[in-house]
Each structure stands twice: as C-alpha cells, then as structure tokens.
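Coordinates from model-v2.txt are shown below (compact mmCIF, C-alpha atoms).
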```
# COMPACT_ATOMS: atom_id res chain seq x y z
CA MET A 184 -8.17 -34.27 -1.27
CA LYS A 185 -9.19 -31.18 -3.20
CA PRO A 186 -6.57 -28.38 -3.41
CA ASN A 187 -7.44 -25.11 -1.71
CA PRO A 188 -8.67 -22.41 -4.06
CA PRO A 189 -6.46 -19.34 -4.38
CA ILE A 190 -7.19 -16.40 -2.10
CA ILE A 191 -7.17 -13.08 -3.92
CA ASP A 192 -7.16 -9.70 -2.17
CA ALA A 193 -9.28 -7.59 -4.52
CA HIS A 194 -8.33 -4.25 -2.94
CA ALA A 195 -4.66 -3.73 -2.01
CA HIS A 196 -2.41 -0.68 -1.95
CA VAL A 197 1.33 -0.18 -2.14
CA ILE A 198 2.57 3.21 -1.06
CA PRO A 199 6.21 4.12 -1.67
CA ARG A 200 5.63 7.52 -0.02
CA ILE A 201 2.72 9.75 0.89
CA SER A 202 2.48 12.49 -1.74
CA GLY A 203 -1.20 13.02 -2.38
CA ARG A 204 -3.92 15.50 -1.76
CA ASN A 205 -7.59 15.51 -0.94
CA ARG A 206 -10.26 18.10 -0.27
CA PHE A 207 -8.35 19.18 2.85
CA GLY A 208 -5.15 19.92 0.93
CA GLU A 209 -1.78 18.26 0.46
CA LEU A 210 -0.74 15.28 2.55
CA ALA A 211 2.73 14.51 3.86
CA PRO A 212 4.21 11.58 5.78
CA GLY A 213 4.09 11.93 9.55
CA GLY A 214 5.79 8.67 10.51
CA TRP A 215 4.47 5.41 12.00
CA GLY A 216 1.31 5.35 9.89
CA VAL A 217 0.43 8.98 10.48
CA VAL A 218 -0.27 11.39 7.63
CA ARG A 219 -0.01 15.15 8.08
CA ARG A 220 -2.65 17.50 6.69
CA GLY A 221 -1.24 20.89 7.53
CA ALA A 222 -1.00 20.96 11.34
CA GLU A 223 -3.34 17.98 11.70
CA ARG A 224 -1.94 14.45 12.17
CA VAL A 225 -4.21 11.65 10.93
CA PRO A 226 -3.54 7.93 11.57
CA LEU A 227 -4.25 6.57 8.09
CA LEU A 228 -1.98 3.53 7.78
CA PRO A 229 -1.09 0.72 10.21
CA ALA A 230 1.16 1.96 13.02
CA THR A 231 3.86 -0.44 11.78
CA CYS A 232 4.36 1.76 8.69
CA ARG A 233 7.44 3.49 10.08
CA ASP A 234 7.86 6.05 7.30
CA SER A 235 4.13 6.25 6.54
CA ALA A 236 4.81 4.04 3.54
CA PHE A 237 3.73 0.52 2.61
CA PRO A 238 6.18 -0.82 0.02
CA VAL A 239 5.52 -3.88 -2.10
CA GLU A 240 7.80 -5.98 0.09
CA ALA A 241 5.52 -5.28 3.07
CA LEU A 242 2.46 -6.25 1.02
CA VAL A 243 4.02 -9.53 -0.17
CA GLU A 244 5.09 -10.41 3.39
CA THR A 245 1.59 -9.63 4.70
CA MET A 246 0.11 -11.77 1.92
CA GLU A 247 2.44 -14.65 2.83
CA ARG A 248 1.44 -14.52 6.49
CA ALA A 249 -2.28 -14.46 5.63
CA GLY A 250 -2.13 -17.12 2.92
CA VAL A 251 -3.18 -14.70 0.18
CA THR A 252 -2.15 -15.87 -3.28
CA GLN A 253 -2.61 -12.72 -5.36
CA ALA A 254 -3.66 -9.10 -4.96
CA VAL A 255 -5.21 -6.44 -7.17
CA LEU A 256 -3.32 -3.16 -6.75
CA LEU A 257 -5.44 -0.02 -6.57
CA GLN A 258 -4.29 3.55 -6.30
CA ASN A 259 -5.68 6.28 -4.10
CA PRO A 260 -5.06 9.91 -5.12
CA THR A 261 -5.32 10.88 -1.45
CA LEU A 262 -2.14 8.91 -0.77
CA GLY A 263 -0.50 9.79 -4.09
CA THR A 264 -0.61 8.31 -7.57
CA CYS A 265 2.43 6.15 -8.30
CA ASN A 266 1.96 4.54 -11.72
CA GLY A 267 5.67 3.85 -12.22
CA TYR A 268 5.98 2.19 -8.83
CA VAL A 269 2.92 -0.02 -9.42
CA ARG A 270 4.32 -1.02 -12.83
CA GLU A 271 7.63 -1.97 -11.17
CA CYS A 272 5.78 -4.00 -8.49
CA VAL A 273 3.92 -5.98 -11.16
CA ARG A 274 7.19 -6.56 -13.03
CA ARG A 275 8.93 -7.80 -9.87
CA PHE A 276 6.07 -10.00 -8.62
CA PRO A 277 4.13 -11.01 -11.76
CA THR A 278 2.45 -14.05 -10.20
CA ARG A 279 1.32 -12.26 -7.05
```
Starting from the file, lay out its structure as structure tokens.
Amino acid sequence: MKPNPPIIDAHAHVIPRISGRNRFGELAPGGWGVVRRGAERVPLLPATCRDSAFPVEALVETMERAGVTQAVLLQNPTLGTCNGYVRECVRRFPTR
C-alpha cells in the first residue's frame, strides 16, 4: 500500500494578538473572533478565538484534527505583523 502524501496548508496565520491597521484605521481585539475598528465590531476570526487571537498551539491542534502535515505561515498587516512570534513558532515546531 502506498503511503499517503503529506497535506500542506499553503496559507496559514498565527495571531498572538490583534494589533494591526488597515485603510479604516487601527484594529483592536473585540473578543470571540471579533475585531474592533473604532466603534465598529467586525467578525474576522472564528468565533472560538476567545481573545481574538489564534496562537500557534491552536493552529497545530487544528492541523492535527484535519490531518494536515505542515503549514506555510503568512502575515497580514491588517491583523498585525509579528515577526518575532512567527520565528518562535518555527523554532518550536520546525517539522510542522
């Protein structure tokens, strides 16, 4: 029997905290997947994201459940650039 090929998510994000901005202005966490843009509340992340964050542990658990072998981490300035956090994620999970 042939082994299954690896499944790679080519577009994944880890978000330690919302701290970005876009053409509408600065964004702030609103809780449970909601992001605040001034007085506006925008559901931007899954509702399970309690603190409007998606840490690497949540990504790895989601990958496990879906059978995903590896992921390519991308950043989104709207959510906030977090180079140091991404570097730490790669260091902690080098094979993922």
For Ile201 in chain A, which residue out of A:Gly221, A:Pro188, A:Gly267, A:Pro260 is the nearest one, using all atoms listed in the file?
->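 So, comparing all the options, the nearest one is A:Pro260.
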Could you tell me how far CA of Arg275 in chain A lies from CA of Val255 in chain A, in Å and to one decimal?
-> 14.5 Å
Please tell me which residues are no farther than 10 Å from (0.3, 2.5, 12.0) in the file, counting only C-alpha atoms, and write them as an MDAnalysis selection string.
-> chainID A and resid 214:218 226:236
Could you please determine the separation between CA of Val239 in chain A and CA of Asn187 in chain A in Å, to one decimal place?
->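 It comes out at 24.9 Å.
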Taking all atoms of range 208-211 of chain A that the file lists, what box with edges along x, y and z, padded by 4 Å per side, do you get, with centre and edge lengths in Å to one decimal, as JSON?
```
{"center_x": -1.2, "center_y": 17.2, "center_z": 2.2, "size_x": 15.9, "size_y": 13.4, "size_z": 11.4}
```
Do a neighbour search on Arg270 in chain A at 12 Å with all atoms listed in the file, toss out local chain neighbours closer than 6 positions, and write the hits as JSON, numbers by chain.
-> {"A": [197, 239, 256, 257, 258, 264, 276, 277]}
Selected residue, from A:Glu209, A:Ser202, A:Gly250, A:Val269, that lies nearest to Ala222 in chain A when counting only C-alpha atoms |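 Checking each candidate against Ala222 in chain A, we get A:Glu209 as the closest.
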Coordinates-based distance that separates CA of Glu271 in chain A from CA of Ala241 in chain A (Å, one decimal) =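 We find that CA of Ala241 in chain A and CA of Glu271 in chain A lie 14.8 Å from each other.
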Write out as a VMD selection string each polymer residue whose atoms come within 12 Å of Ile190 in chain A, counting only C-alpha atoms; drop sequence neighbours fewer than 6 positions from it.
-> chain A and resid 246 to 247 249 to 255 279
Selected residues, C-alpha atoms, written as a compact mmCIF listing (two decimals), in the coordinates of the input, please.
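See again-v1.txt below for the written result:
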```
# COMPACT_ATOMS: atom_id res chain seq x y z
CA MET A 246 0.11 -11.77 1.92
CA GLU A 247 2.44 -14.65 2.83
CA ALA A 249 -2.28 -14.46 5.63
CA GLY A 250 -2.13 -17.12 2.92
CA VAL A 251 -3.18 -14.70 0.18
CA THR A 252 -2.15 -15.87 -3.28
CA GLN A 253 -2.61 -12.72 -5.36
CA ALA A 254 -3.66 -9.10 -4.96
CA VAL A 255 -5.21 -6.44 -7.17
CA ARG A 279 1.32 -12.26 -7.05
```
Proximity to Pro212 in chain A - best of A:Thr261, A:Glu244, A:Ala195, A:Arg274, all atoms listed in the file =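 Closest to Pro212 in chain A, using all atoms listed in the file: A:Thr261.
Counting all atoms listed in the file and comparing A:Arg219, A:Arg206, A:Val273, A:His194, the residue that lies closest to Glu240 in chain A is A:Val273.
Across A:Thr245, A:Val225, A:Tyr268, A:Lys185, the tightest approach to Leu210 in chain A is made by A:Val225 when counting all atoms listed in the file.
Using only C-alpha atoms, the protein and nucleic acid residues lying no more than 7 Å from Gly208 in chain A, apart from those fewer than 3 places from it along its own chain, are A:Arg204, A:Asn205, A:Arg220.
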Could you tell me which of A:Gly263, A:Val243, A:Arg248, A:Thr278 comes closest to Arg200 in chain A if we count only C-alpha atoms?
-> A:Gly263
Add whatever atoms are absent from range 200-211 of chain A to reach all heavy atoms, and provide the output as an mmCIF file, in the coordinates of the input.
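Contents of rebuild-v3.cif, freshly written:
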```cif
data_model
loop_
_atom_site.group_PDB
_atom_site.id
_atom_site.type_symbol
_atom_site.label_atom_id
_atom_site.label_comp_id
_atom_site.auth_asym_id
_atom_site.auth_seq_id
_atom_site.Cartn_x
_atom_site.Cartn_y
_atom_site.Cartn_z
ATOM 1 N N ARG A 200 5.550 6.309 -0.851
ATOM 2 C CA ARG A 200 5.630 7.520 -0.020
ATOM 3 C C ARG A 200 4.299 8.255 -0.126
ATOM 4 O O ARG A 200 3.623 8.177 -1.153
ATOM 5 C CB ARG A 200 6.777 8.420 -0.448
ATOM 6 C CG ARG A 200 6.541 9.086 -1.787
ATOM 7 C CD ARG A 200 7.765 9.807 -2.324
ATOM 8 N NE ARG A 200 7.529 10.275 -3.665
ATOM 9 C CZ ARG A 200 7.403 9.528 -4.749
ATOM 10 N NH1 ARG A 200 7.504 8.236 -4.664
ATOM 11 N NH2 ARG A 200 7.192 10.055 -5.926
ATOM 12 N N ILE A 201 3.937 8.953 0.906
ATOM 13 C CA ILE A 201 2.720 9.750 0.890
ATOM 14 C C ILE A 201 3.021 11.026 0.111
ATOM 15 O O ILE A 201 3.950 11.760 0.443
ATOM 16 C CB ILE A 201 2.268 10.114 2.321
ATOM 17 C CG1 ILE A 201 1.970 8.858 3.125
ATOM 18 C CG2 ILE A 201 1.070 11.055 2.289
ATOM 19 C CD1 ILE A 201 0.780 8.068 2.652
ATOM 20 N N SER A 202 2.266 11.275 -0.945
ATOM 21 C CA SER A 202 2.480 12.490 -1.740
ATOM 22 C C SER A 202 1.193 12.872 -2.450
ATOM 23 O O SER A 202 1.215 13.248 -3.612
ATOM 24 C CB SER A 202 3.607 12.265 -2.756
ATOM 25 O OG SER A 202 3.227 11.245 -3.665
ATOM 26 N N GLY A 203 0.093 12.761 -1.744
ATOM 27 C CA GLY A 203 -1.200 13.020 -2.380
ATOM 28 C C GLY A 203 -1.864 14.273 -1.871
ATOM 29 O O GLY A 203 -1.272 15.088 -1.166
ATOM 30 N N ARG A 204 -3.113 14.376 -2.228
ATOM 31 C CA ARG A 204 -3.920 15.500 -1.760
ATOM 32 C C ARG A 204 -5.368 15.075 -1.769
ATOM 33 O O ARG A 204 -5.746 14.159 -2.497
ATOM 34 C CB ARG A 204 -3.676 16.755 -2.576
ATOM 35 C CG ARG A 204 -4.087 16.702 -4.033
ATOM 36 C CD ARG A 204 -3.851 18.033 -4.769
ATOM 37 N NE ARG A 204 -4.603 19.117 -4.194
ATOM 38 C CZ ARG A 204 -4.068 20.146 -3.507
ATOM 39 N NH1 ARG A 204 -2.765 20.217 -3.343
ATOM 40 N NH2 ARG A 204 -4.811 21.097 -3.009
ATOM 41 N N ASN A 205 -6.150 15.725 -0.943
ATOM 42 C CA ASN A 205 -7.590 15.510 -0.940
ATOM 43 C C ASN A 205 -8.272 16.857 -0.724
ATOM 44 O O ASN A 205 -7.610 17.896 -0.821
ATOM 45 C CB ASN A 205 -7.994 14.452 0.099
ATOM 46 C CG ASN A 205 -7.683 14.853 1.517
ATOM 47 O OD1 ASN A 205 -7.440 16.017 1.834
ATOM 48 N ND2 ASN A 205 -7.679 13.887 2.405
ATOM 49 N N ARG A 206 -9.535 16.837 -0.400
ATOM 50 C CA ARG A 206 -10.260 18.100 -0.270
ATOM 51 C C ARG A 206 -9.744 18.976 0.861
ATOM 52 O O ARG A 206 -10.045 20.156 0.919
ATOM 53 C CB ARG A 206 -11.751 17.837 -0.098
ATOM 54 C CG ARG A 206 -12.103 17.074 1.131
ATOM 55 C CD ARG A 206 -13.579 16.695 1.126
ATOM 56 N NE ARG A 206 -13.876 15.823 2.227
ATOM 57 C CZ ARG A 206 -14.655 16.155 3.245
ATOM 58 N NH1 ARG A 206 -15.234 17.334 3.267
ATOM 59 N NH2 ARG A 206 -14.866 15.294 4.208
ATOM 60 N N PHE A 207 -8.931 18.411 1.749
ATOM 61 C CA PHE A 207 -8.350 19.180 2.850
ATOM 62 C C PHE A 207 -6.992 19.780 2.503
ATOM 63 O O PHE A 207 -6.434 20.514 3.283
ATOM 64 C CB PHE A 207 -8.220 18.297 4.094
ATOM 65 C CG PHE A 207 -9.529 17.728 4.555
ATOM 66 C CD1 PHE A 207 -9.804 16.389 4.377
ATOM 67 C CD2 PHE A 207 -10.487 18.534 5.139
ATOM 68 C CE1 PHE A 207 -11.007 15.850 4.798
ATOM 69 C CE2 PHE A 207 -11.692 18.010 5.559
ATOM 70 C CZ PHE A 207 -11.957 16.668 5.384
ATOM 71 N N GLY A 208 -6.445 19.408 1.344
ATOM 72 C CA GLY A 208 -5.150 19.920 0.930
ATOM 73 C C GLY A 208 -4.130 18.819 0.739
ATOM 74 O O GLY A 208 -4.475 17.644 0.638
ATOM 75 N N GLU A 209 -2.860 19.218 0.694
ATOM 76 C CA GLU A 209 -1.780 18.260 0.460
ATOM 77 C C GLU A 209 -1.501 17.437 1.707
ATOM 78 O O GLU A 209 -1.652 17.912 2.825
ATOM 79 C CB GLU A 209 -0.520 18.993 0.025
ATOM 80 C CG GLU A 209 -0.671 19.577 -1.363
ATOM 81 C CD GLU A 209 0.647 20.032 -1.960
ATOM 82 O OE1 GLU A 209 1.689 19.430 -1.644
ATOM 83 O OE2 GLU A 209 0.606 20.962 -2.749
ATOM 84 N N LEU A 210 -1.070 16.192 1.463
ATOM 85 C CA LEU A 210 -0.740 15.280 2.550
ATOM 86 C C LEU A 210 0.764 15.014 2.541
ATOM 87 O O LEU A 210 1.397 15.003 1.486
ATOM 88 C CB LEU A 210 -1.483 13.958 2.370
ATOM 89 C CG LEU A 210 -3.005 14.067 2.349
ATOM 90 C CD1 LEU A 210 -3.620 12.728 1.975
ATOM 91 C CD2 LEU A 210 -3.532 14.528 3.680
ATOM 92 N N ALA A 211 1.306 14.798 3.724
ATOM 93 C CA ALA A 211 2.730 14.510 3.860
ATOM 94 C C ALA A 211 2.906 13.404 4.900
ATOM 95 O O ALA A 211 2.061 13.244 5.787
ATOM 96 C CB ALA A 211 3.479 15.762 4.293
#
```
